[in-house]
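One structure is given here, and the rest of the page talks about it.
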Amino acid sequence: MEYPLFDRTTIDTLFSNSLLHVPNLQLWTRYLEYLRRVFPLLPDPQGQNRTILTQAFDTVLDTVGGDPDSGALWKDYIDFVKSGPGSLDAAVNQRGNWQDLQKVDLLRKAYQRAVKAPSSEVVRLWNEYSSFEMANNKQAGRKQLQDISPHYMTARSAAKHLERITSGLDRESPSVLPPIEGCEGDDQFASQVMGWKEWAQWEINEDPLVLKDEDVKAYRNRVIFVYKQATTALRFWPRIWYEAAEWCFSQLDEEMRVQGEAFLDEGKKANPESVLLTLKKADRVEEGFQTGNVSEDVAVKNGQELDQVYEGCHTALYTLVKKMGERRERDMREIKEYFASLPPEEEPEQQDEAAEDDDSDAGSPTVNKPKTRAEQLQERLQAIQSASKTQLDILKRTISYVWVAKMRAFRRIHGQGAPNKPKKGFRGVFAEARPRGQLSADVYVASALMEWHCYKDASALKIFERGLKLFPTDEGFALEYIRHLISVNDLTNARVVFETTVTKITTATTAFPDEAKRKDKVRSLLVYMHGFESQYGDLAQVRKLETRMKELYPEESDIERFARRYELGAEGFDGMGVPRGSMVGAIIPGCCIIVVFGLA
């Protein structure tokens, strides 16, 4: 590679910023070429440049020498050792000095190191090594080859497996965002994910070079190398970062723990909105806290450290909400501008007359009137709004999911706490979440239930009441509220909440124009209350509910609805529909008589 006039300071900075983070074979090979240009072997009277390059080769081989495509690098290393001072011919003819003999030892060591690496050139390097040993001393050479042969056979077998596993992997293209499931590129991306996971699991479980027991550090380095390659290729797929970190933590070693934390931190930097990596990082941070009674200063410091983890994810998610709103407005503006730029709409002549003639002919099909420009514009705007609402709902649930996780974590380290206090607890987190908005009802449910189950605090009812005002047609929230009221034996208010929510949903024709959707939303409430009234209520309430369910869901069988009253157990066993032939029977030992209970 040619290096015309170059700025060493700039190049050194680029290499120092990238090498330790990117174990890429080509990058490290370019680094080696750069050093060989900076530290030429000729002239090198004191051998200082060769010493530097020898150290550089060792570093490069330790880093990327396990790459399946590193055969050329190993060959280059062998040639570099051969070019060193000393004569191999003199050593072979037994007339060499100490320098010649040292060169033989260095070259032997280099060959033995190379044939243990499962590279694409391992067979050729073995043949060269065999020739080298047999040329020096056949008897001693056979002993050397015999000792190293098992390692070579293992490396050769591993090289074949690696070629199969890595043949379909794209290790050169830049990382891309994972395609949406079912869209273009989804199958190819899934194939890459499976390939990288297969390589990592093969190194972990198969231990192809049999290093786990003999050299555990080398074994771990090989696995880490694969995970670093995988996280480079799948940079925006959080699961690979999680798996890499989790494997490091499973090794129960301090050095591996640091590497696992590095995977998590780098993964969060690449995927700041990833809930998976955020919760794993928060779990690791909380695990490191001192347990038991700690001072308030320590508790506050712990909260600040944990807050930093969650806030990074929330900031990214709220930024996505903002960008989504901006994109929706931009798309709607562009659609309006497009329709405004069209020439005036022409009225088709005699369209009404043709429609009347068609209507007068009973035997002819009705002609569909084409949509006007205004109708087309409205249809496109509604499509944009609908898609945006769906995406926003997912983001809201995700944001709320993280808030709830944060509330639970702060309850564990701070307790109940209070808003705007250093030791804020889960109450302080709840107070932070409300003004930032984009919350689902799950946050209110979680806060209320924490108040009650952890502290038996009456404020739980106030939070539920507030939530019912904010989410009057959220059947999930209403169901949780009803369950809580029943758990505290407040059946009267439970029935009030039930009736109020069902009425609001079934009459919310503006929010839910589709009648089928309104019916689906209230189904869970009706089924739950029907089950409760059937077990603990009176018959009038049961029949009232069944009448309402029959009106809303006439397609359901009356028998099924009636049988639901008497369901038993968590699996909802229905004894009324059991066939006679499947009744419980018993065989009397020593006889062929089958006693069937319940038969006439």
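Simple scheme: letters A, B, ... for chains in structure tokens order, numbers from 1 for residues in each chain, numbers from 1 for ligands in the order shown.
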
Please list as a PDB file with N, CA and C atoms, in the first residue's frame every residue within 12 Å of Asp207 in chain A, counting only C-alpha atoms and excluding residues in the same chain fewer than 4 positions away.
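Everything below was put into part28.pdb:
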ATOM      1  N   THR A 154      -6.148 -30.387  14.820  1.00  0.00           N
ATOM      2  CA  THR A 154      -7.291 -29.682  15.412  1.00  0.00           C
ATOM      3  C   THR A 154      -7.555 -28.372  14.679  1.00  0.00           C
ATOM      4  N   ALA A 155      -6.479 -27.637  14.387  1.00  0.00           N
ATOM      5  CA  ALA A 155      -6.637 -26.360  13.683  1.00  0.00           C
ATOM      6  C   ALA A 155      -7.172 -26.570  12.276  1.00  0.00           C
ATOM      7  N   ALA A 158     -10.834 -27.335  12.530  1.00  0.00           N
ATOM      8  CA  ALA A 158     -11.559 -26.111  12.886  1.00  0.00           C
ATOM      9  C   ALA A 158     -11.645 -25.158  11.705  1.00  0.00           C
ATOM     10  N   HIS A 161     -14.561 -26.104   9.492  1.00  0.00           N
ATOM     11  CA  HIS A 161     -15.845 -25.708  10.077  1.00  0.00           C
ATOM     12  C   HIS A 161     -16.030 -24.194   9.969  1.00  0.00           C
ATOM     13  N   TRP A 199     -21.707 -18.854  14.873  1.00  0.00           N
ATOM     14  CA  TRP A 199     -20.254 -18.790  15.058  1.00  0.00           C
ATOM     15  C   TRP A 199     -19.909 -18.637  16.545  1.00  0.00           C
ATOM     16  N   ALA A 200     -20.583 -17.724  17.223  1.00  0.00           N
ATOM     17  CA  ALA A 200     -20.302 -17.499  18.635  1.00  0.00           C
ATOM     18  C   ALA A 200     -20.594 -18.749  19.466  1.00  0.00           C
ATOM     19  N   GLN A 201     -21.736 -19.392  19.228  1.00  0.00           N
ATOM     20  CA  GLN A 201     -22.080 -20.584  19.994  1.00  0.00           C
ATOM     21  C   GLN A 201     -21.142 -21.743  19.687  1.00  0.00           C
ATOM     22  N   TRP A 202     -20.663 -21.802  18.459  1.00  0.00           N
ATOM     23  CA  TRP A 202     -19.704 -22.854  18.094  1.00  0.00           C
ATOM     24  C   TRP A 202     -18.402 -22.680  18.876  1.00  0.00           C
ATOM     25  N   GLU A 203     -17.928 -21.460  18.969  1.00  0.00           N
ATOM     26  CA  GLU A 203     -16.707 -21.197  19.727  1.00  0.00           C
ATOM     27  C   GLU A 203     -16.917 -21.465  21.216  1.00  0.00           C
ATOM     28  N   LEU A 211      -9.261 -25.420  24.125  1.00  0.00           N
ATOM     29  CA  LEU A 211      -8.504 -24.452  24.915  1.00  0.00           C
ATOM     30  C   LEU A 211      -9.083 -24.225  26.310  1.00  0.00           C
ATOM     31  N   LYS A 212     -10.348 -24.603  26.516  1.00  0.00           N
ATOM     32  CA  LYS A 212     -11.022 -24.246  27.758  1.00  0.00           C
ATOM     33  C   LYS A 212     -10.280 -24.771  28.982  1.00  0.00           C
ATOM     34  N   ASP A 213      -9.763 -25.987  28.889  1.00  0.00           N
ATOM     35  CA  ASP A 213      -9.068 -26.584  30.032  1.00  0.00           C
ATOM     36  C   ASP A 213      -7.576 -26.289  30.029  1.00  0.00           C
ATOM     37  N   GLU A 214      -6.992 -26.147  28.820  1.00  0.00           N
ATOM     38  CA  GLU A 214      -5.544 -25.977  28.725  1.00  0.00           C
ATOM     39  C   GLU A 214      -5.117 -24.508  28.799  1.00  0.00           C
ATOM     40  N   ASP A 215      -5.881 -23.638  28.155  1.00  0.00           N
ATOM     41  CA  ASP A 215      -5.530 -22.211  28.111  1.00  0.00           C
ATOM     42  C   ASP A 215      -6.820 -21.401  28.088  1.00  0.00           C
ATOM     43  N   VAL A 216      -7.399 -21.190  29.268  1.00  0.00           N
ATOM     44  CA  VAL A 216      -8.706 -20.558  29.339  1.00  0.00           C
ATOM     45  C   VAL A 216      -8.655 -19.115  28.832  1.00  0.00           C
ATOM     46  N   ALA A 218      -6.838 -17.956  26.309  1.00  0.00           N
ATOM     47  CA  ALA A 218      -6.919 -18.024  24.848  1.00  0.00           C
ATOM     48  C   ALA A 218      -8.333 -18.370  24.399  1.00  0.00           C
ATOM     49  N   TYR A 219      -8.985 -19.275  25.141  1.00  0.00           N
ATOM     50  CA  TYR A 219     -10.368 -19.638  24.824  1.00  0.00           C
ATOM     51  C   TYR A 219     -11.282 -18.421  24.914  1.00  0.00           C
ATOM     52  N   ARG A 220     -11.150 -17.649  25.979  1.00  0.00           N
ATOM     53  CA  ARG A 220     -11.989 -16.465  26.152  1.00  0.00           C
ATOM     54  C   ARG A 220     -11.684 -15.414  25.093  1.00  0.00           C
ATOM     55  N   ASN A 221     -10.414 -15.281  24.743  1.00  0.00           N
ATOM     56  CA  ASN A 221     -10.045 -14.298  23.721  1.00  0.00           C
ATOM     57  C   ASN A 221     -10.674 -14.629  22.375  1.00  0.00           C
ATOM     58  N   ARG A 222     -10.745 -15.923  22.052  1.00  0.00           N
ATOM     59  CA  ARG A 222     -11.367 -16.318  20.786  1.00  0.00           C
ATOM     60  C   ARG A 222     -12.858 -15.969  20.786  1.00  0.00           C
ATOM     61  N   VAL A 223     -13.543 -16.228  21.906  1.00  0.00           N
ATOM     62  CA  VAL A 223     -14.980 -15.925  21.982  1.00  0.00           C
ATOM     63  C   VAL A 223     -15.206 -14.420  21.911  1.00  0.00           C
TER      64      VAL A 223
END

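Among the candidates A:Met407, A:Val22, A:Leu525, A:Val402, the residue lying nearest to Glu273 in chain A is A:Val402 (atoms considered: only C-alpha atoms).
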
Which one of A:Gly185, A:Gly312, A:Gly303, A:Gly65 sits closest to Arg113 in chain A if you count only C-alpha atoms? A:Gly65

Hey, which bits of range 254-317 of chain A sit within 9 Å of range 410-424 of chain A, and for each residue what's the closest pair of atoms and how far apart in Å (one decimal), counting only C-alpha atoms, rows by chain and increasing number, as JSON lines?
{"residue": "A:Glu286", "atom": "CA", "partner": "A:Ile413", "partner_atom": "CA", "distance": 8.3}
{"residue": "A:Phe289", "atom": "CA", "partner": "A:Ile413", "partner_atom": "CA", "distance": 8.7}
{"residue": "A:Thr291", "atom": "CA", "partner": "A:Ile413", "partner_atom": "CA", "distance": 8.6}
{"residue": "A:Glu296", "atom": "CA", "partner": "A:Lys423", "partner_atom": "CA", "distance": 7.3}
{"residue": "A:Asp297", "atom": "CA", "partner": "A:Lys423", "partner_atom": "CA", "distance": 8.8}
{"residue": "A:Ala299", "atom": "CA", "partner": "A:His414", "partner_atom": "CA", "distance": 6.6}
{"residue": "A:Val300", "atom": "CA", "partner": "A:Lys423", "partner_atom": "CA", "distance": 5.6}
{"residue": "A:Asn302", "atom": "CA", "partner": "A:Ile413", "partner_atom": "CA", "distance": 7.7}
{"residue": "A:Gly303", "atom": "CA", "partner": "A:Phe410", "partner_atom": "CA", "distance": 7.0}
{"residue": "A:Leu306", "atom": "CA", "partner": "A:Phe410", "partner_atom": "CA", "distance": 8.4}
{"residue": "A:Asp307", "atom": "CA", "partner": "A:Phe410", "partner_atom": "CA", "distance": 8.9}

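Distance annotation: of A:Thr372, A:Gln391, A:Ser341, A:Gln102, the residue with the minimal separation from Val321 in chain A is A:Gln391; atom set is only C-alpha atoms.
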
So which bits of range 43-270 of chain A end up alpha helix (DSSP H) when you DSSP the backbone, as a ChimeraX atom specification? /A:48-64,71-82,88-92,98-115,122-136,138-166,186-201,216-233,238-250,254-270

Within 10 Å of Glu198 in chain A, counting only C-alpha atoms, which residues qualify if same-chain residues fewer than 6 places away don't, as an mmCIF file with N, CA and C atoms, in the first residue's frame?
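Wrote it out as selection.cif, contents follow:
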data_model
loop_
_atom_site.group_PDB
_atom_site.id
_atom_site.type_symbol
_atom_site.label_atom_id
_atom_site.label_comp_id
_atom_site.auth_asym_id
_atom_site.auth_seq_id
_atom_site.Cartn_x
_atom_site.Cartn_y
_atom_site.Cartn_z
ATOM 1 N N ILE A 165 -19.107 -21.973 8.350
ATOM 2 C CA ILE A 165 -19.913 -21.055 9.160
ATOM 3 C C ILE A 165 -19.836 -19.627 8.648
ATOM 4 N N THR A 166 -18.635 -19.199 8.260
ATOM 5 C CA THR A 166 -18.424 -17.795 7.899
ATOM 6 C C THR A 166 -18.610 -17.508 6.416
ATOM 7 N N GLN A 192 -28.027 -13.156 8.532
ATOM 8 C CA GLN A 192 -26.766 -12.687 9.109
ATOM 9 C C GLN A 192 -26.761 -12.879 10.628
ATOM 10 N N ILE A 204 -18.103 -21.127 21.733
ATOM 11 C CA ILE A 204 -18.371 -21.283 23.167
ATOM 12 C C ILE A 204 -18.567 -22.750 23.538
#

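For Met576 in chain A, the set of protein, DNA and RNA residues having any atom at most 12 Å away, when counting only C-alpha atoms and skipping those fewer than 5 positions along the same chain, is Ile559, Glu560, Phe562, Ala563, Arg564, Arg565, Tyr566, Glu567, Leu568 and Met583 of chain A.
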
Please produce a file of the residues just selected, as a PDB file, in the first residue's frame, where the atoms kept are N, CA and C atoms.
ATOM      1  N   ILE A 559     -75.224 -21.892  25.390  1.00  0.00           N
ATOM      2  CA  ILE A 559     -74.706 -22.982  26.223  1.00  0.00           C
ATOM      3  C   ILE A 559     -73.317 -22.622  26.757  1.00  0.00           C
ATOM      4  N   GLU A 560     -72.468 -22.067  25.890  1.00  0.00           N
ATOM      5  CA  GLU A 560     -71.123 -21.690  26.324  1.00  0.00           C
ATOM      6  C   GLU A 560     -71.181 -20.597  27.397  1.00  0.00           C
ATOM      7  N   PHE A 562     -73.675 -20.017  29.408  1.00  0.00           N
ATOM      8  CA  PHE A 562     -74.224 -20.603  30.639  1.00  0.00           C
ATOM      9  C   PHE A 562     -73.173 -21.456  31.350  1.00  0.00           C
ATOM     10  N   ALA A 563     -72.401 -22.219  30.586  1.00  0.00           N
ATOM     11  CA  ALA A 563     -71.384 -23.094  31.176  1.00  0.00           C
ATOM     12  C   ALA A 563     -70.272 -22.292  31.832  1.00  0.00           C
ATOM     13  N   ARG A 564     -70.039 -21.070  31.346  1.00  0.00           N
ATOM     14  CA  ARG A 564     -68.965 -20.252  31.896  1.00  0.00           C
ATOM     15  C   ARG A 564     -69.233 -19.877  33.354  1.00  0.00           C
ATOM     16  N   ARG A 565     -70.504 -19.917  33.749  1.00  0.00           N
ATOM     17  CA  ARG A 565     -70.839 -19.617  35.146  1.00  0.00           C
ATOM     18  C   ARG A 565     -70.157 -20.591  36.107  1.00  0.00           C
ATOM     19  N   TYR A 566     -70.027 -21.833  35.669  1.00  0.00           N
ATOM     20  CA  TYR A 566     -69.627 -22.909  36.574  1.00  0.00           C
ATOM     21  C   TYR A 566     -68.214 -23.425  36.296  1.00  0.00           C
ATOM     22  N   GLU A 567     -67.431 -22.648  35.558  1.00  0.00           N
ATOM     23  CA  GLU A 567     -66.061 -23.082  35.288  1.00  0.00           C
ATOM     24  C   GLU A 567     -65.301 -23.257  36.594  1.00  0.00           C
ATOM     25  N   LEU A 568     -64.382 -24.217  36.594  1.00  0.00           N
ATOM     26  CA  LEU A 568     -63.674 -24.575  37.817  1.00  0.00           C
ATOM     27  C   LEU A 568     -62.173 -24.627  37.544  1.00  0.00           C
ATOM     28  N   MET A 583     -65.910 -40.440  31.298  1.00  0.00           N
ATOM     29  CA  MET A 583     -66.008 -40.273  32.738  1.00  0.00           C
ATOM     30  C   MET A 583     -64.919 -41.082  33.427  1.00  0.00           C
TER      31      MET A 583
END

Exercise: Gln112 in chain A partners within 12 Å, only C-alpha atoms, chain neighbours under 2 positions left out, as a VMD selection string: chain A and resid 74 78 105 to 110 114 to 117 122 125 to 130 132 to 133 144 to 152 155

Please provide the set of residues having any atom within 12 Å of range 507-510 of chain A, restricted to only C-alpha atoms, with same-chain residues fewer than 4 positions apart removed, written as a PyMOL selection string. chain A and resi 472-474+500-503+514-519+521-522

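With only C-alpha atoms as the atoms that count, the residue of A:Tyr242, A:Pro513, A:Arg397, A:Leu545 with the shortest distance to Val527 in chain A is A:Leu545.
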
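Among A:Val294, A:Ala245, A:Ile11, A:Leu539, the residue with the shortest atom-to-atom distance to Arg257 in chain A, counting only C-alpha atoms, is A:Ala245.
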
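If you measure from each of A:Arg466, A:Glu551, A:Gln438, A:Asp265 to Leu317 in chain A using only C-alpha atoms, the closest one turns out to be A:Gln438.
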
note - CA of Ser274 in chain A and CA of Ile399 in chain A are separated by 10.9 Å

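The interatomic distance for the pair CA of Ser157 in chain A and CA of Gly71 in chain A works out to 15.0 Å.
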